[in-house]
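S.K.: What follows is final13.cif, made up of mmCIF, C-alpha atoms, pLDDT in the B column; chains and numbers go by the auth columns:
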```cif
data_query
#
loop_
_atom_site.group_PDB
_atom_site.id
_atom_site.type_symbol
_atom_site.label_atom_id
_atom_site.label_comp_id
_atom_site.label_asym_id
_atom_site.label_seq_id
_atom_site.Cartn_x
_atom_site.Cartn_y
_atom_site.Cartn_z
_atom_site.B_iso_or_equiv
_atom_site.auth_seq_id
_atom_site.auth_asym_id
ATOM 1 C CA MET A 1 -11.983 -4.273 -12.294 35.00 1 A
ATOM 2 C CA VAL A 2 -10.599 -6.707 -9.733 36.00 2 A
ATOM 3 C CA VAL A 3 -6.889 -6.258 -9.081 38.00 3 A
ATOM 4 C CA ARG A 4 -6.532 -9.321 -6.882 38.00 4 A
ATOM 5 C CA SER A 5 -8.536 -11.499 -4.576 37.00 5 A
ATOM 6 C CA VAL A 6 -9.597 -9.961 -1.312 41.00 6 A
ATOM 7 C CA MET A 7 -6.877 -10.093 1.309 40.00 7 A
ATOM 8 C CA LYS A 8 -7.680 -11.560 4.682 43.00 8 A
ATOM 9 C CA LEU A 9 -6.922 -8.968 7.337 42.00 9 A
ATOM 10 C CA ASP A 10 -4.493 -11.321 9.085 43.00 10 A
ATOM 11 C CA ASP A 11 -2.723 -12.148 5.802 54.00 11 A
ATOM 12 C CA ASP A 12 0.016 -9.549 6.183 69.00 12 A
ATOM 13 C CA VAL A 13 3.606 -9.314 7.338 87.00 13 A
ATOM 14 C CA SER A 14 4.935 -7.803 10.550 92.00 14 A
ATOM 15 C CA ILE A 15 5.261 -4.040 10.946 94.00 15 A
ATOM 16 C CA GLU A 16 9.048 -4.460 10.953 94.00 16 A
ATOM 17 C CA GLU A 17 9.054 -6.319 7.611 94.00 17 A
ATOM 18 C CA LEU A 18 6.785 -3.722 6.055 95.00 18 A
ATOM 19 C CA GLN A 19 8.934 -0.915 7.461 96.00 19 A
ATOM 20 C CA LYS A 20 12.032 -2.478 5.855 96.00 20 A
ATOM 21 C CA ALA A 21 10.175 -2.752 2.544 95.00 21 A
ATOM 22 C CA VAL A 22 9.178 0.937 2.684 97.00 22 A
ATOM 23 C CA GLU A 23 12.753 1.947 3.474 97.00 23 A
ATOM 24 C CA ASN A 24 14.156 -0.232 0.672 96.00 24 A
ATOM 25 C CA LEU A 25 11.621 0.957 -1.894 95.00 25 A
ATOM 26 C CA HIS A 26 11.945 4.658 -1.084 96.00 26 A
ATOM 27 C CA GLY A 27 15.461 4.946 0.330 96.00 27 A
ATOM 28 C CA VAL A 28 14.687 6.924 3.480 97.00 28 A
ATOM 29 C CA PRO A 29 13.975 6.089 7.146 97.00 29 A
ATOM 30 C CA ALA A 30 10.366 5.160 7.956 97.00 30 A
ATOM 31 C CA ARG A 31 8.602 5.055 11.325 98.00 31 A
ATOM 32 C CA PHE A 32 5.297 3.230 11.860 97.00 32 A
ATOM 33 C CA LEU A 33 2.400 5.479 12.900 97.00 33 A
ATOM 34 C CA GLU A 34 -0.832 3.502 12.589 96.00 34 A
ATOM 35 C CA ALA A 35 -2.837 0.871 10.725 95.00 35 A
ATOM 36 C CA VAL A 36 -6.028 1.908 8.946 95.00 36 A
ATOM 37 C CA GLU A 37 -8.635 -0.554 7.673 94.00 37 A
ATOM 38 C CA VAL A 38 -9.596 0.163 4.049 94.00 38 A
ATOM 39 C CA ASP A 39 -12.564 -1.349 2.230 92.00 39 A
ATOM 40 C CA GLU A 40 -12.452 -0.203 -1.409 91.00 40 A
ATOM 41 C CA ARG A 41 -15.429 -1.085 -3.580 91.00 41 A
ATOM 42 C CA PHE A 42 -16.356 -0.533 -7.217 87.00 42 A
ATOM 43 C CA LYS A 43 -20.000 -0.887 -8.237 91.00 43 A
ATOM 44 C CA GLY A 44 -20.706 -2.643 -4.946 90.00 44 A
ATOM 45 C CA GLU A 45 -17.966 -5.264 -5.390 91.00 45 A
ATOM 46 C CA ILE A 46 -14.952 -5.438 -3.078 91.00 46 A
ATOM 47 C CA VAL A 47 -11.833 -4.467 -5.010 88.00 47 A
ATOM 48 C CA TRP A 48 -9.435 -4.306 -2.079 88.00 48 A
ATOM 49 C CA GLN A 49 -9.829 -4.842 1.644 90.00 49 A
ATOM 50 C CA GLY A 50 -7.222 -4.830 4.356 90.00 50 A
ATOM 51 C CA ALA A 51 -5.045 -2.849 6.703 92.00 51 A
ATOM 52 C CA VAL A 52 -2.907 -0.081 5.258 95.00 52 A
ATOM 53 C CA LYS A 53 0.060 0.775 7.461 96.00 53 A
ATOM 54 C CA VAL A 54 0.978 4.452 7.679 97.00 54 A
ATOM 55 C CA PHE A 55 4.642 5.373 8.049 98.00 55 A
ATOM 56 C CA ALA A 56 6.283 8.733 8.696 98.00 56 A
ATOM 57 C CA LEU A 57 9.171 9.406 6.312 98.00 57 A
ATOM 58 C CA THR A 58 12.253 11.506 6.900 95.00 58 A
ATOM 59 C CA GLY A 59 14.157 13.215 4.108 96.00 59 A
ATOM 60 C CA HIS A 60 12.414 11.916 0.997 96.00 60 A
ATOM 61 C CA PRO A 61 13.491 13.936 -2.092 95.00 61 A
ATOM 62 C CA SER A 62 9.849 14.449 -3.132 95.00 62 A
ATOM 63 C CA GLY A 63 9.074 16.098 0.180 95.00 63 A
ATOM 64 C CA ALA A 64 6.708 13.250 1.112 97.00 64 A
ATOM 65 C CA THR A 65 6.363 12.854 4.868 97.00 65 A
ATOM 66 C CA ARG A 66 4.109 9.763 4.693 98.00 66 A
ATOM 67 C CA ALA A 67 4.082 6.386 2.994 98.00 67 A
ATOM 68 C CA TYR A 68 1.119 4.015 2.924 98.00 68 A
ATOM 69 C CA ALA A 69 2.084 0.357 2.765 96.00 69 A
ATOM 70 C CA TRP A 70 0.658 -3.158 2.667 94.00 70 A
ATOM 71 C CA SER A 71 1.512 -6.566 1.285 91.00 71 A
ATOM 72 C CA TYR A 72 -0.388 -9.584 0.071 85.00 72 A
ATOM 73 C CA LEU A 73 0.274 -13.077 -1.196 84.00 73 A
ATOM 74 C CA ILE A 74 0.555 -13.361 -4.972 84.00 74 A
ATOM 75 C CA GLU A 75 1.731 -16.928 -5.512 82.00 75 A
ATOM 76 C CA GLY A 76 2.365 -19.608 -2.909 82.00 76 A
ATOM 77 C CA THR A 77 4.403 -17.791 -0.279 82.00 77 A
ATOM 78 C CA ARG A 78 5.538 -14.940 -2.578 87.00 78 A
ATOM 79 C CA ARG A 79 4.384 -11.478 -1.556 88.00 79 A
ATOM 80 C CA LYS A 80 3.758 -8.223 -3.334 88.00 80 A
ATOM 81 C CA PHE A 81 4.736 -5.151 -1.322 92.00 81 A
ATOM 82 C CA ASN A 82 3.096 -1.804 -2.031 93.00 82 A
ATOM 83 C CA ALA A 83 4.424 1.429 -0.565 95.00 83 A
ATOM 84 C CA VAL A 84 2.726 4.519 -1.961 96.00 84 A
ATOM 85 C CA LEU A 85 4.158 7.944 -1.191 97.00 85 A
ATOM 86 C CA GLY A 86 1.900 10.563 0.338 97.00 86 A
ATOM 87 C CA VAL A 87 2.207 13.123 -2.462 96.00 87 A
ATOM 88 C CA PRO A 88 -0.789 14.767 -4.157 95.00 88 A
ATOM 89 C CA PRO A 89 -3.301 13.467 -4.931 94.00 89 A
ATOM 90 C CA VAL A 90 -2.495 10.745 -2.350 97.00 90 A
ATOM 91 C CA ASP A 91 -3.544 12.259 0.963 96.00 91 A
ATOM 92 C CA GLY A 92 -4.294 9.147 2.998 97.00 92 A
ATOM 93 C CA PRO A 93 -4.678 5.356 3.026 97.00 93 A
ATOM 94 C CA VAL A 94 -7.805 5.225 0.844 96.00 94 A
ATOM 95 C CA MET A 95 -6.233 7.357 -1.876 96.00 95 A
ATOM 96 C CA ALA A 96 -3.053 5.251 -1.678 97.00 96 A
ATOM 97 C CA VAL A 97 -5.068 2.097 -2.385 95.00 97 A
ATOM 98 C CA ARG A 98 -6.914 3.809 -5.249 94.00 98 A
ATOM 99 C CA ALA A 99 -3.635 5.052 -6.751 95.00 99 A
ATOM 100 C CA SER A 100 -2.179 1.548 -6.541 93.00 100 A
ATOM 101 C CA ILE A 101 -5.238 0.028 -8.231 91.00 101 A
ATOM 102 C CA LEU A 102 -5.078 2.589 -11.044 90.00 102 A
ATOM 103 C CA ALA A 103 -1.337 2.020 -11.512 90.00 103 A
ATOM 104 C CA GLU A 104 -1.857 -1.759 -11.740 86.00 104 A
ATOM 105 C CA ARG A 105 -4.640 -1.264 -14.264 85.00 105 A
ATOM 106 C CA ALA A 106 -2.492 1.084 -16.383 86.00 106 A
ATOM 107 C CA LYS A 107 0.413 -1.399 -16.220 84.00 107 A
ATOM 108 C CA ARG A 108 -1.810 -4.175 -17.544 84.00 108 A
ATOM 109 C CA LYS A 109 -2.972 -2.020 -20.461 82.00 109 A
ATOM 110 C CA ASN A 110 0.622 -1.444 -21.635 71.00 110 A
#
```
Starting from the coordinates I provided, produce the structure as structure tokens.
M.R.:
Amino acid sequence: MVVRSVMKLDDDVSIEELQKAVENLHGVPARFLEAVEVDERFKGEIVWQGAVKVFALTGHPSGATRAYAWSYLIEGTRRKFNAVLGVPPVDGPVMAVRASILAERAKRKN
């Protein structure tokens, strides 16, 4: 179950660009907190690897106080931005990546 090729850790956008993406996707102010390296594997194979940026959110209607975000190249210079809200069961960067992988897989099935 490979969602995409493995991202190089330096193959990301600036914190400011990612912050703008989080704010545009979720409609509330976001403040960068930290970057967390995630290495997600399935049956020993790398499924996703990279830095997930953690943002504090203010005033999201869901009550989420965190968003976990990253981007990667999909075609040429085009990027895919992911910004997963920190609502159960997503309780951190690893769960955000897993939720994103499962959502992509479900999307492909439909």
S.K.: Write out as a Markdown table the residues of segment 44-95 of chain A that have any atom within 8 Å of an atom of segment 10-28 of chain A, one row each with the nearest atom pair and its distance in Å to one decimal, counting all atoms listed in the file, sorted by chain and then rising number.
M.R.:
```
| residue | atom | partner | partner_atom | distance |
| --- | --- | --- | --- | --- |
| A:Lys53 | CA | A:Ile15 | CA | 7.9 |
| A:Phe55 | CA | A:Gln19 | CA | 7.6 |
| A:Leu57 | CA | A:Val28 | CA | 6.7 |
| A:Thr58 | CA | A:Val28 | CA | 6.2 |
| A:Gly59 | CA | A:Val28 | CA | 6.3 |
| A:His60 | CA | A:Val28 | CA | 6.0 |
| A:Ala67 | CA | A:Val22 | CA | 7.5 |
| A:Ala69 | CA | A:Leu18 | CA | 7.0 |
| A:Trp70 | CA | A:Leu18 | CA | 7.0 |
| A:Ser71 | CA | A:Asp12 | CA | 5.9 |
| A:Tyr72 | CA | A:Asp12 | CA | 6.1 |
| A:Leu73 | CA | A:Asp11 | CA | 7.7 |
| A:Phe81 | CA | A:Ala21 | CA | 7.1 |
| A:Ala83 | CA | A:Val22 | CA | 5.8 |
```
S.K.: Going by the chain IDs and residue numbers used in this file, which residues fall under the PyMOL selection byres ((chain A and resi 96) around 9)? Write them as JSON, numbers by chain.
M.R.: {"A": [52, 67, 68, 69, 83, 84, 85, 86, 89, 90, 91, 92, 93, 94, 95, 97, 98, 99, 100, 101]}
S.K.: Mind pulling up the distance from atom CA of Glu34 of chain A to atom CA of Arg105 of chain A?
M.R.: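 Answer for the atom CA of Arg105 of chain A to atom CA of Glu34 of chain A separation: 27.5 Å.
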S.K.: Find the residue from A:Ile46, A:Ala30, A:Ala106, A:Ala35 that sits nearest to Ala64 of chain A; use all atoms listed in the file when measuring.
M.R.: A:Ala30
S.K.: May I ask for the distance between atom CA of Glu75 of chain A and atom CA of Asp39 of chain A, given in Å to one decimal place?
M.R.: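 We find that atom CA of Glu75 of chain A and atom CA of Asp39 of chain A lie 22.5 Å from each other.
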S.K.: As a compact mmCIF listing (two decimals), keeping the file's coordinate frame, could you write out segment 57-90 of chain A once it has been completed with N, CA and C atoms?
M.R.:
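Resulting contents of out-v4.txt:
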```txt
# COMPACT_ATOMS: atom_id res chain seq x y z
N LEU A 57 7.91 9.44 7.03
CA LEU A 57 9.17 9.41 6.31
C LEU A 57 10.02 10.61 6.69
N THR A 58 11.32 10.42 6.63
CA THR A 58 12.25 11.51 6.90
C THR A 58 13.18 11.68 5.71
N GLY A 59 13.19 12.88 5.14
CA GLY A 59 14.16 13.22 4.11
C GLY A 59 13.90 12.69 2.72
N HIS A 60 12.66 12.39 2.37
CA HIS A 60 12.41 11.92 1.00
C HIS A 60 12.57 13.08 0.01
N PRO A 61 13.25 12.85 -1.12
CA PRO A 61 13.49 13.94 -2.09
C PRO A 61 12.22 14.61 -2.61
N SER A 62 11.11 13.88 -2.64
CA SER A 62 9.85 14.45 -3.13
C SER A 62 9.21 15.39 -2.12
N GLY A 63 9.70 15.34 -0.89
CA GLY A 63 9.07 16.10 0.18
C GLY A 63 8.00 15.31 0.91
N ALA A 64 7.73 14.08 0.46
CA ALA A 64 6.71 13.25 1.11
C ALA A 64 7.10 12.99 2.56
N THR A 65 6.13 13.14 3.45
CA THR A 65 6.36 12.85 4.87
C THR A 65 5.62 11.60 5.32
N ARG A 66 4.86 10.99 4.39
CA ARG A 66 4.11 9.76 4.69
C ARG A 66 4.26 8.76 3.57
N ALA A 67 4.19 7.48 3.95
CA ALA A 67 4.08 6.39 2.99
C ALA A 67 2.99 5.47 3.51
N TYR A 68 2.23 4.90 2.60
CA TYR A 68 1.12 4.01 2.92
C TYR A 68 1.47 2.65 2.35
N ALA A 69 1.54 1.64 3.20
CA ALA A 69 2.08 0.36 2.76
C ALA A 69 1.23 -0.83 3.19
N TRP A 70 1.32 -1.89 2.38
CA TRP A 70 0.66 -3.16 2.67
C TRP A 70 1.31 -4.22 1.80
N SER A 71 1.02 -5.46 2.11
CA SER A 71 1.51 -6.57 1.28
C SER A 71 0.41 -7.61 1.20
N TYR A 72 0.56 -8.48 0.20
CA TYR A 72 -0.39 -9.58 0.07
C TYR A 72 0.27 -10.71 -0.70
N LEU A 73 -0.25 -11.90 -0.50
CA LEU A 73 0.27 -13.08 -1.20
C LEU A 73 -0.11 -13.00 -2.67
N ILE A 74 0.86 -13.35 -3.54
CA ILE A 74 0.56 -13.36 -4.97
C ILE A 74 0.66 -14.76 -5.56
N GLU A 75 1.53 -15.59 -5.00
CA GLU A 75 1.73 -16.93 -5.51
C GLU A 75 2.41 -17.75 -4.44
N GLY A 76 1.76 -18.80 -3.96
CA GLY A 76 2.37 -19.61 -2.91
C GLY A 76 2.70 -18.76 -1.70
N THR A 77 3.99 -18.62 -1.41
CA THR A 77 4.40 -17.79 -0.28
C THR A 77 5.02 -16.47 -0.74
N ARG A 78 5.00 -16.20 -2.05
CA ARG A 78 5.54 -14.94 -2.58
C ARG A 78 4.58 -13.80 -2.26
N ARG A 79 5.17 -12.65 -1.93
CA ARG A 79 4.38 -11.48 -1.56
C ARG A 79 4.64 -10.32 -2.49
N LYS A 80 3.64 -9.51 -2.65
CA LYS A 80 3.76 -8.22 -3.33
C LYS A 80 3.71 -7.16 -2.25
N PHE A 81 4.69 -6.26 -2.27
CA PHE A 81 4.74 -5.15 -1.32
C PHE A 81 4.38 -3.87 -2.07
N ASN A 82 3.46 -3.12 -1.50
CA ASN A 82 3.10 -1.80 -2.03
C ASN A 82 3.46 -0.76 -0.99
N ALA A 83 4.09 0.31 -1.44
CA ALA A 83 4.42 1.43 -0.56
C ALA A 83 4.23 2.70 -1.38
N VAL A 84 3.11 3.35 -1.19
CA VAL A 84 2.73 4.52 -1.96
C VAL A 84 3.08 5.77 -1.17
N LEU A 85 3.78 6.68 -1.84
CA LEU A 85 4.16 7.94 -1.19
C LEU A 85 2.95 8.85 -1.01
N GLY A 86 2.95 9.60 0.07
CA GLY A 86 1.90 10.56 0.34
C GLY A 86 2.19 11.89 -0.35
N VAL A 87 2.07 11.89 -1.68
CA VAL A 87 2.21 13.12 -2.46
C VAL A 87 0.91 13.29 -3.24
N PRO A 88 0.49 14.55 -3.48
CA PRO A 88 -0.79 14.77 -4.16
C PRO A 88 -0.89 13.97 -5.46
N PRO A 89 -2.05 13.35 -5.67
CA PRO A 89 -3.30 13.47 -4.93
C PRO A 89 -3.44 12.51 -3.75
N VAL A 90 -2.41 11.71 -3.45
CA VAL A 90 -2.50 10.74 -2.35
C VAL A 90 -2.37 11.49 -1.03
```
